[in-house]
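Enquirer: Input run_0.cif, format and content: mmCIF, C-alpha atoms.
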```
data_target
loop_
_atom_site.group_PDB
_atom_site.id
_atom_site.type_symbol
_atom_site.label_atom_id
_atom_site.label_comp_id
_atom_site.auth_asym_id
_atom_site.auth_seq_id
_atom_site.Cartn_x
_atom_site.Cartn_y
_atom_site.Cartn_z
ATOM 1 C CA MET A 164 37.248 66.952 108.117
ATOM 2 C CA THR A 165 40.120 69.212 109.067
ATOM 3 C CA SER A 166 43.540 67.793 108.346
ATOM 4 C CA PRO A 167 44.735 67.482 111.978
ATOM 5 C CA ASP A 168 41.522 65.627 112.894
ATOM 6 C CA ASN A 169 41.906 63.464 109.806
ATOM 7 C CA ASN A 170 45.408 62.407 110.782
ATOM 8 C CA LEU A 171 44.450 61.754 114.375
ATOM 9 C CA VAL A 172 41.400 59.699 113.395
ATOM 10 C CA GLN A 173 43.435 57.559 111.004
ATOM 11 C CA LYS A 174 46.120 56.938 113.620
ATOM 12 C CA ALA A 175 43.584 56.256 116.380
ATOM 13 C CA ALA A 176 41.694 53.844 114.129
ATOM 14 C CA ARG A 177 44.936 51.847 113.820
ATOM 15 C CA GLY A 178 45.098 51.601 117.620
ATOM 16 C CA ASP A 179 47.256 54.644 118.405
ATOM 17 C CA VAL A 180 46.007 55.603 121.861
ATOM 18 C CA GLU A 181 48.028 58.827 121.952
ATOM 19 C CA ALA A 182 46.204 60.036 118.828
ATOM 20 C CA PHE A 183 42.897 59.053 120.407
ATOM 21 C CA ALA A 184 43.873 60.943 123.571
ATOM 22 C CA ARG A 185 44.388 64.089 121.513
ATOM 23 C CA LEU A 186 41.002 63.653 119.868
ATOM 24 C CA VAL A 187 39.401 63.240 123.283
ATOM 25 C CA ARG A 188 41.099 66.351 124.659
ATOM 26 C CA ASN A 189 40.265 68.419 121.559
ATOM 27 C CA HIS A 190 36.588 67.440 121.415
ATOM 28 C CA SER A 191 35.577 66.477 124.956
ATOM 29 C CA GLY A 192 34.006 69.929 125.374
ATOM 30 C CA LEU A 193 31.567 69.332 122.518
ATOM 31 C CA VAL A 194 30.531 65.909 123.816
ATOM 32 C CA TYR A 195 30.072 66.974 127.439
ATOM 33 C CA ARG A 196 28.292 70.215 126.506
ATOM 34 C CA VAL A 197 25.734 68.483 124.281
ATOM 35 C CA ALA A 198 25.199 65.629 126.760
ATOM 36 C CA MET A 199 24.652 68.136 129.545
ATOM 37 C CA ARG A 200 22.128 70.114 127.519
ATOM 38 C CA VAL A 201 20.214 67.102 126.230
ATOM 39 C CA LEU A 202 20.295 64.951 129.381
ATOM 40 C CA GLY A 203 20.966 67.434 132.160
ATOM 41 C CA PRO A 204 24.073 67.800 134.333
ATOM 42 C CA GLN A 205 23.483 64.638 136.370
ATOM 43 C CA ASP A 206 23.658 62.198 133.463
ATOM 44 C CA ALA A 207 26.130 64.092 131.297
ATOM 45 C CA GLN A 208 29.243 62.440 132.713
ATOM 46 C CA ASP A 209 28.081 58.846 132.193
ATOM 47 C CA ALA A 210 26.811 59.676 128.710
ATOM 48 C CA SER A 211 30.100 61.364 127.762
ATOM 49 C CA GLN A 212 32.068 58.314 128.868
ATOM 50 C CA GLU A 213 29.758 56.084 126.832
ATOM 51 C CA VAL A 214 30.207 58.342 123.788
ATOM 52 C CA TRP A 215 34.003 58.088 123.876
ATOM 53 C CA LEU A 216 33.809 54.326 124.260
ATOM 54 C CA ARG A 217 31.627 54.164 121.137
ATOM 55 C CA VAL A 218 33.961 56.500 119.281
ATOM 56 C CA TRP A 219 36.983 54.306 120.099
ATOM 57 C CA ARG A 220 35.148 51.164 118.979
ATOM 58 C CA ASN A 221 33.830 52.698 115.766
ATOM 59 C CA LEU A 222 36.714 54.851 114.542
ATOM 60 C CA LYS A 223 37.437 52.375 111.747
ATOM 61 C CA ARG A 224 33.934 52.962 110.386
ATOM 62 C CA PHE A 225 34.443 56.705 110.085
ATOM 63 C CA ARG A 226 34.991 57.342 106.386
ATOM 64 C CA GLY A 227 35.552 61.086 106.539
ATOM 65 C CA GLU A 228 32.486 61.814 104.410
ATOM 66 C CA SER A 229 31.438 64.436 106.952
ATOM 67 C CA ALA A 230 33.406 66.523 109.429
ATOM 68 C CA PHE A 231 34.645 64.566 112.443
ATOM 69 C CA SER A 232 32.679 66.964 114.646
ATOM 70 C CA THR A 233 29.449 66.110 112.765
ATOM 71 C CA TRP A 234 30.116 62.392 113.291
ATOM 72 C CA LEU A 235 30.834 63.092 116.951
ATOM 73 C CA TYR A 236 27.625 65.124 117.322
ATOM 74 C CA LYS A 237 25.749 62.177 115.800
ATOM 75 C CA ILE A 238 27.206 59.630 118.250
ATOM 76 C CA THR A 239 26.655 61.993 121.174
ATOM 77 C CA VAL A 240 23.024 62.702 120.315
ATOM 78 C CA ASN A 241 22.310 59.013 119.613
ATOM 79 C CA THR A 242 23.823 58.029 122.945
ATOM 80 C CA CYS A 243 21.744 60.634 124.736
ATOM 81 C CA LEU A 244 18.553 59.645 122.912
ATOM 82 C CA ASN A 245 19.132 55.976 123.722
ATOM 83 C CA ALA A 246 19.213 56.954 127.367
ATOM 84 C CA HIS A 247 15.710 58.287 126.872
ATOM 85 C CA ARG A 248 14.357 55.545 124.617
ATOM 86 C CA ARG A 249 11.725 54.524 127.108
ATOM 87 C CA GLU A 250 10.767 58.040 127.893
ATOM 88 C CA GLN A 251 7.130 58.787 127.338
ATOM 89 C CA THR A 252 5.950 61.575 125.134
ATOM 90 C CA ARG A 253 5.630 64.490 127.453
ATOM 91 C CA GLU A 254 4.363 67.238 125.251
ATOM 92 C CA ALA A 255 0.779 68.323 125.362
ATOM 93 C CA ARG A 256 -0.237 68.728 121.750
ATOM 94 C CA GLU A 257 -3.586 70.328 122.358
ATOM 95 C CA PHE A 258 -4.861 73.323 124.209
ATOM 96 C CA GLY A 259 -8.344 74.027 125.380
ATOM 97 C CA ASP A 260 -10.395 76.948 124.187
ATOM 98 C CA GLU A 261 -7.732 79.480 125.020
ATOM 99 C CA PHE A 262 -3.984 79.605 125.185
ATOM 100 C CA PRO A 263 -2.763 78.779 128.637
ATOM 101 C CA TYR A 264 -1.033 81.733 130.206
ATOM 102 C CA LEU A 265 2.278 81.307 128.438
ATOM 103 C CA THR A 266 4.759 83.892 129.453
ATOM 104 C CA ILE A 267 8.198 84.462 130.763
ATOM 105 C CA PRO A 268 7.908 87.526 132.995
ATOM 106 C CA ILE A 269 9.276 90.735 131.571
ATOM 107 C CA PRO A 270 12.321 91.989 133.446
ATOM 108 C CA PRO A 271 11.725 95.271 135.260
ATOM 109 C CA GLY A 272 13.049 98.058 133.104
ATOM 110 C CA GLY A 273 13.965 95.650 130.357
ATOM 111 C CA GLU A 274 10.757 95.158 128.469
ATOM 112 C CA TYR A 275 11.186 93.086 125.293
ATOM 113 C CA ASP A 276 14.921 93.487 125.539
ATOM 114 C CA PRO A 277 16.722 90.149 125.129
ATOM 115 C CA GLU A 278 19.850 91.689 126.617
ATOM 116 C CA ALA A 279 17.939 92.186 129.829
ATOM 117 C CA ALA A 280 17.375 88.454 130.107
ATOM 118 C CA VAL A 281 20.625 87.991 131.978
ATOM 119 C CA LEU A 282 21.569 84.411 132.666
ATOM 120 C CA THR A 283 21.829 83.589 136.339
ATOM 121 C CA GLY A 284 22.466 80.213 137.902
ATOM 122 C CA GLU A 285 18.873 79.953 138.992
ATOM 123 C CA ARG A 286 17.585 80.859 135.559
ATOM 124 C CA ARG A 287 19.925 78.320 133.950
ATOM 125 C CA ALA A 288 18.632 75.629 136.321
ATOM 126 C CA GLU A 289 15.070 76.577 135.423
ATOM 127 C CA ILE A 290 15.794 76.226 131.713
ATOM 128 C CA PHE A 291 17.318 72.777 132.276
ATOM 129 C CA ARG A 292 14.345 71.706 134.392
ATOM 130 C CA ALA A 293 11.995 72.850 131.640
ATOM 131 C CA LEU A 294 14.094 71.136 128.945
ATOM 132 C CA GLU A 295 13.619 67.837 130.759
ATOM 133 C CA ARG A 296 9.907 68.165 130.077
ATOM 134 C CA VAL A 297 10.407 68.420 126.322
ATOM 135 C CA ARG A 298 10.309 65.195 124.301
ATOM 136 C CA ALA A 299 13.859 63.863 123.829
ATOM 137 C CA GLU A 300 14.072 64.157 120.010
ATOM 138 C CA HIS A 301 12.632 67.668 120.070
ATOM 139 C CA ARG A 302 14.972 68.633 122.895
ATOM 140 C CA ALA A 303 17.986 67.364 120.965
ATOM 141 C CA ALA A 304 16.921 69.304 117.879
ATOM 142 C CA LEU A 305 16.349 72.430 119.976
ATOM 143 C CA VAL A 306 19.760 72.131 121.642
ATOM 144 C CA LEU A 307 21.545 71.665 118.307
ATOM 145 C CA ARG A 308 19.734 74.576 116.673
ATOM 146 C CA HIS A 309 19.457 77.194 119.419
ATOM 147 C CA MET A 310 22.332 76.363 121.744
ATOM 148 C CA GLU A 311 24.907 74.861 119.381
ATOM 149 C CA GLY A 312 23.893 77.292 116.632
ATOM 150 C CA LEU A 313 23.816 74.678 113.858
ATOM 151 C CA SER A 314 21.930 75.050 110.585
ATOM 152 C CA TYR A 315 18.821 72.985 109.883
ATOM 153 C CA ALA A 316 20.811 70.982 107.327
ATOM 154 C CA GLU A 317 23.382 70.109 110.010
ATOM 155 C CA VAL A 318 20.679 69.307 112.572
ATOM 156 C CA ALA A 319 18.993 67.022 110.026
ATOM 157 C CA GLN A 320 22.289 65.285 109.208
ATOM 158 C CA ILE A 321 23.102 64.686 112.871
ATOM 159 C CA LEU A 322 19.616 63.430 113.727
ATOM 160 C CA GLU A 323 19.476 61.444 110.467
ATOM 161 C CA VAL A 324 16.080 62.832 109.482
ATOM 162 C CA PRO A 325 14.890 64.935 106.518
ATOM 163 C CA ASP A 326 15.337 68.717 106.779
ATOM 164 C CA GLY A 327 11.586 69.214 107.191
ATOM 165 C CA THR A 328 11.457 66.831 110.139
ATOM 166 C CA ALA A 329 14.387 68.608 111.803
ATOM 167 C CA LYS A 330 12.564 71.932 111.366
ATOM 168 C CA GLY A 331 9.379 70.446 112.806
ATOM 169 C CA TRP A 332 11.211 69.021 115.825
ATOM 170 C CA VAL A 333 12.905 72.349 116.558
ATOM 171 C CA SER A 334 9.586 74.157 116.198
ATOM 172 C CA ARG A 335 7.729 71.768 118.499
ATOM 173 C CA GLY A 336 10.628 71.774 120.950
ATOM 174 C CA ARG A 337 10.540 75.596 121.093
ATOM 175 C CA ALA A 338 6.813 75.639 121.774
ATOM 176 C CA ALA A 339 7.039 72.827 124.336
ATOM 177 C CA LEU A 340 9.880 74.586 126.157
ATOM 178 C CA LEU A 341 7.879 77.807 126.333
ATOM 179 C CA VAL A 342 4.935 75.867 127.776
ATOM 180 C CA ALA A 343 7.225 74.116 130.279
ATOM 181 C CA LEU A 344 8.832 77.399 131.359
ATOM 182 C CA SER A 345 5.457 79.062 131.758
ATOM 183 C CA ASP A 346 4.172 76.100 133.788
ATOM 184 C CA GLY A 347 7.198 76.446 136.051
ATOM 185 C CA ASN A 348 6.437 80.096 136.610
ATOM 186 C CA GLN A 349 2.773 79.449 137.283
ATOM 187 C CA ASP A 350 3.558 76.620 139.705
ATOM 188 C CA GLY A 351 5.472 79.146 141.738
ATOM 189 C CA GLU A 352 8.588 76.981 141.637
ATOM 190 C CA SER A 353 10.699 79.979 140.828
ATOM 191 C CA PRO A 354 8.384 82.915 140.465
ATOM 192 C CA GLY A 355 9.570 85.710 138.291
ATOM 193 C CA ASN A 356 13.162 84.669 138.084
ATOM 194 C CA MET A 357 13.102 83.887 134.359
ATOM 195 C CA GLY A 358 13.199 87.523 133.520
ATOM 196 C CA GLY A 359 13.883 89.129 136.852
ATOM 197 C CA ALA A 360 16.582 91.739 137.113
ATOM 198 C CA SER A 361 19.767 90.191 138.350
ATOM 199 C CA MET B 61 -9.649 77.702 116.715
ATOM 200 C CA THR B 62 -9.065 74.123 117.884
ATOM 201 C CA GLY B 63 -6.320 73.108 120.267
ATOM 202 C CA VAL B 64 -4.233 71.811 117.371
ATOM 203 C CA ASP B 65 -4.688 75.122 115.507
ATOM 204 C CA ARG B 66 -3.579 76.978 118.604
ATOM 205 C CA TRP B 67 -0.484 74.818 118.872
ATOM 206 C CA GLU B 68 0.297 75.612 115.235
ATOM 207 C CA VAL B 69 -0.099 79.336 115.898
ATOM 208 C CA LEU B 70 2.186 78.972 118.904
ATOM 209 C CA GLU B 71 4.807 77.246 116.744
ATOM 210 C CA ARG B 72 4.512 79.895 114.019
ATOM 211 C CA ILE B 73 4.972 82.699 116.531
ATOM 212 C CA GLY B 74 8.074 80.824 117.698
ATOM 213 C CA ALA B 75 9.369 80.597 114.129
ATOM 214 C CA PHE B 76 8.664 84.331 113.693
ATOM 215 C CA ALA B 77 10.516 85.169 116.928
ATOM 216 C CA ALA B 78 13.461 83.065 115.727
ATOM 217 C CA GLY B 79 13.507 85.024 112.461
ATOM 218 C CA GLU B 80 12.703 81.949 110.403
ATOM 219 C CA LEU B 81 9.599 83.179 108.612
ATOM 220 C CA SER B 82 9.620 85.250 105.466
ATOM 221 C CA GLY B 83 7.244 86.753 102.935
ATOM 222 C CA GLU B 84 3.495 86.473 103.378
ATOM 223 C CA GLU B 85 3.858 83.977 106.241
ATOM 224 C CA ALA B 86 5.901 86.463 108.261
ATOM 225 C CA ARG B 87 3.514 89.347 107.476
ATOM 226 C CA GLU B 88 0.517 87.250 108.513
ATOM 227 C CA ILE B 89 2.007 86.390 111.902
ATOM 228 C CA GLU B 90 3.240 89.965 112.327
ATOM 229 C CA ARG B 91 -0.321 91.221 111.806
ATOM 230 C CA PHE B 92 -1.627 88.692 114.320
ATOM 231 C CA ILE B 93 0.973 89.748 116.874
ATOM 232 C CA LEU B 94 0.246 93.455 116.362
ATOM 233 C CA GLU B 95 -3.496 92.994 116.702
ATOM 234 C CA ASP B 96 -3.543 90.496 119.550
ATOM 235 C CA PRO B 97 -2.099 91.318 122.991
ATOM 236 C CA GLU B 98 -1.793 87.602 123.699
ATOM 237 C CA GLY B 99 0.205 87.217 120.504
ATOM 238 C CA GLN B 100 2.482 90.076 121.592
ATOM 239 C CA ARG B 101 3.017 88.455 124.951
ATOM 240 C CA LEU B 102 3.865 85.108 123.348
ATOM 241 C CA ALA B 103 6.272 86.685 120.868
ATOM 242 C CA ALA B 104 8.014 88.586 123.667
ATOM 243 C CA SER B 105 8.281 85.419 125.754
ATOM 244 C CA TYR B 106 9.780 83.546 122.819
ATOM 245 C CA VAL B 107 12.341 86.298 122.230
ATOM 246 C CA ARG B 108 13.417 86.159 125.873
ATOM 247 C CA MET B 109 13.525 82.375 125.878
ATOM 248 C CA LEU B 110 15.641 82.271 122.712
ATOM 249 C CA ALA B 111 17.986 84.885 124.178
ATOM 250 C CA LEU B 112 18.432 82.690 127.258
ATOM 251 C CA LEU B 113 19.070 79.595 125.141
ATOM 252 C CA GLY B 114 21.630 81.551 123.140
ATOM 253 C CA ALA B 115 23.305 82.740 126.341
ATOM 254 C CA ILE B 116 23.544 79.147 127.610
ATOM 255 C CA GLY B 117 24.897 78.169 124.204
ATOM 256 C CA GLU B 118 27.740 80.672 124.637
ATOM 257 C CA GLU B 119 28.864 78.974 127.832
ATOM 258 C CA THR B 120 31.613 76.373 127.808
ATOM 259 C CA PRO B 121 31.104 74.057 130.764
ATOM 260 C CA GLU B 122 34.255 72.530 132.159
ATOM 261 C CA VAL B 123 34.612 68.853 131.320
ATOM 262 C CA PRO B 124 35.201 66.719 134.423
ATOM 263 C CA GLU B 125 38.676 65.198 134.277
ATOM 264 C CA ALA B 126 37.049 61.846 135.128
ATOM 265 C CA VAL B 127 35.408 61.777 131.681
ATOM 266 C CA ILE B 128 38.726 62.165 129.881
ATOM 267 C CA ASN B 129 40.555 59.755 132.216
ATOM 268 C CA HIS B 130 37.853 57.108 131.822
ATOM 269 C CA ALA B 131 37.953 57.345 128.016
ATOM 270 C CA LEU B 132 41.739 57.074 127.899
ATOM 271 C CA ARG B 133 41.901 54.236 130.422
ATOM 272 C CA ARG B 134 39.405 52.200 128.398
ATOM 273 C CA ALA B 135 41.291 52.915 125.180
ATOM 274 C CA TYR B 136 44.634 51.856 126.701
ATOM 275 C CA VAL B 137 43.128 48.627 128.070
ATOM 276 C CA SER B 138 41.433 47.916 124.754
ATOM 277 C CA ALA B 139 44.628 48.584 122.784
ATOM 278 C CA PHE B 140 46.603 46.315 125.150
ATOM 279 C CA MET B 141 44.051 43.526 124.761
ATOM 280 C CA ARG B 142 44.172 43.949 120.995
ATOM 281 C CA GLN B 143 47.969 43.627 120.979
ATOM 282 C CA ALA B 144 47.887 40.687 123.381
ATOM 283 C CA GLU B 145 45.334 38.965 121.169
ATOM 284 C CA GLU B 146 47.543 39.504 118.120
ATOM 285 C CA PHE B 147 50.632 38.284 119.986
ATOM 286 C CA PHE B 148 49.044 35.132 121.365
ATOM 287 C CA GLY B 149 47.222 34.564 118.104
ATOM 288 C CA GLY B 150 50.563 34.708 116.283
ATOM 289 C CA LEU B 151 52.145 32.409 118.861
ATOM 290 C CA GLY B 152 49.311 29.930 118.489
ATOM 291 C CA ARG B 153 49.650 29.962 114.714
ATOM 292 C CA ALA B 154 53.416 29.366 115.028
ATOM 293 C CA TYR B 155 52.815 26.350 117.293
ATOM 294 C CA LEU B 156 50.196 25.035 114.888
ATOM 295 C CA ASP B 157 52.607 25.414 111.957
ATOM 296 C CA ALA B 158 55.306 23.566 113.939
ATOM 297 C CA PHE B 159 52.837 20.812 114.814
ATOM 298 C CA VAL B 160 51.781 20.437 111.179
ATOM 299 C CA TYR B 161 55.418 20.360 110.044
ATOM 300 C CA TYR B 162 56.431 17.886 112.770
ATOM 301 C CA PHE B 163 53.804 15.358 111.767
ATOM 302 C CA GLY B 164 54.495 15.917 108.086
ATOM 303 C CA LEU B 165 50.956 17.021 107.385
ATOM 304 C CA LYS B 166 52.162 19.705 105.025
ATOM 305 C CA ARG B 167 55.519 20.321 103.372
ATOM 306 C CA PRO B 168 57.367 23.459 104.572
ATOM 307 C CA GLY B 169 56.973 26.507 102.340
ATOM 308 C CA THR B 170 53.565 25.537 100.940
ATOM 309 C CA ALA B 171 50.720 27.968 101.356
ATOM 310 C CA ARG B 172 48.387 27.452 104.295
#
```
Starting from the file, give its structure as structure tokens.

Expert:
Amino acid sequence: MTSPDNNLVQKAARGDVEAFARLVRNHSGLVYRVAMRVLGPQDAQDASQEVWLRVWRNLKRFRGESAFSTWLYKITVNTCLNAHRREQTREAREFGDEFPYLTIPIPPGGEYDPEAAVLTGERRAEIFRALERVRAEHRAALVLRHMEGLSYAEVAQILEVPDGTAKGWVSRGRAALLVALSDGNQDGESPGNMGGAS
Amino acid sequence: MTGVDRWEVLERIGAFAAGELSGEEAREIERFILEDPEGQRLAASYVRMLALLGAIGEETPEVPEAVINHALRRAYVSAFMRQAEEFFGGLGRAYLDAFVYYFGLKRPGTAR
């Protein structure tokens, strides 16, 4: 834990609301960002408020064995996963005789070039729609790994699972997201805009 | 190949696209991708998808002020209640001590 966070946490745990306010202002971006990516924009605000309530109630339990941000990630992800506890498993684990047509259309003039996959509002919305179709645990792992840029060890620590399980969840989440994105393109919901020139 | 096998291949192509495979495992998938147009298409789709996820990851969405205000309001109320509880708890204990002393149930200065 960084020293400023350490001091603020200790003060806030003793009931110092000003110290807690500084923690909230310093880290509200992390909480809201993760909630938005795991739950979607509509539920992110409620989840963020719930996270900060839990943080305030549990500050005394924070021992500083990990970084404050890791502890915060853990509470945020747990809060988001609880919101999805009753969610059914949405991933199809089996294919038929052939792969379904899984593809994100290649941008004109930008074949195989990740730089050409420019992020537009529509494309962002499509990603979030597809993420909703990925099982919650796998989605959380995917968000932490590929959006938050965390290592597998950090993902495992936050999700409180072994490293191998974290890797498996990210892997399945990646595959499920690709399937969901391809389904979206095939359904004609937003034809071609995943890779379309912007 | 069964459906489960195909899912595993799909996951391994994803791991390859994310740069997470090494050694013989990476070479095996690389061969598959080079020989199979479907494999090439999947790998390319993964690369684009991961680039998009990375681009979203770079964004810093603005936190609604309501989130911060709500958190602080709850903390202030909670802290006030905590202090009030301590105050009235202390007051109650003082009255109890006075009551005990008044009726001579315990001599002053003895431990509770």

Enquirer: Translate the PyMOL selection byres ((chain B) within 8 of (chain A)), as applied to the file shown, into an explicit residue set as an MDAnalysis selection string.

Expert: chainID B and resid 61:64 66:67 70:72 74:75 101:102 104:118 120:124 127:128 130:132 134:136 139

Enquirer: Just how far from CA of Glu228 in chain A is CA of Asn169 in chain A, in Å to one decimal?

Expert: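 Computing the Euclidean distance for CA of Asn169 in chain A and CA of Glu228 in chain A yields 11.0 Å.
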
Enquirer: Take CA of Ala176 in chain A and CA of Thr239 in chain A and report the distance between them in Å, one decimal.

Expert: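 Computed distance, CA of Ala176 in chain A to CA of Thr239 in chain A, equals 18.5 Å.
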
Enquirer: Please identify all polymer residues within 9 Å of Leu244 in chain A, counting all atoms listed in the file, omitting same-chain residues fewer than 3 positions from it, and present them as a PyMOL selection string.

Expert: chain A and resi 201-202+239-241+247-248+299-300+303

Enquirer: Figure out the distance between CA of Glu289 in chain A and CA of Asp346 in chain A, please, to one decimal in Å.

Expert: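 So the two atoms, CA of Asp346 in chain A and CA of Glu289 in chain A, lie 11.0 Å apart.
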
Enquirer: Taking all atoms listed in the file into account, which of A:Gln205, A:Asn189, A:Asn170, A:Ser229 comes nearest Ile321 in chain A?

Expert: A:Ser229
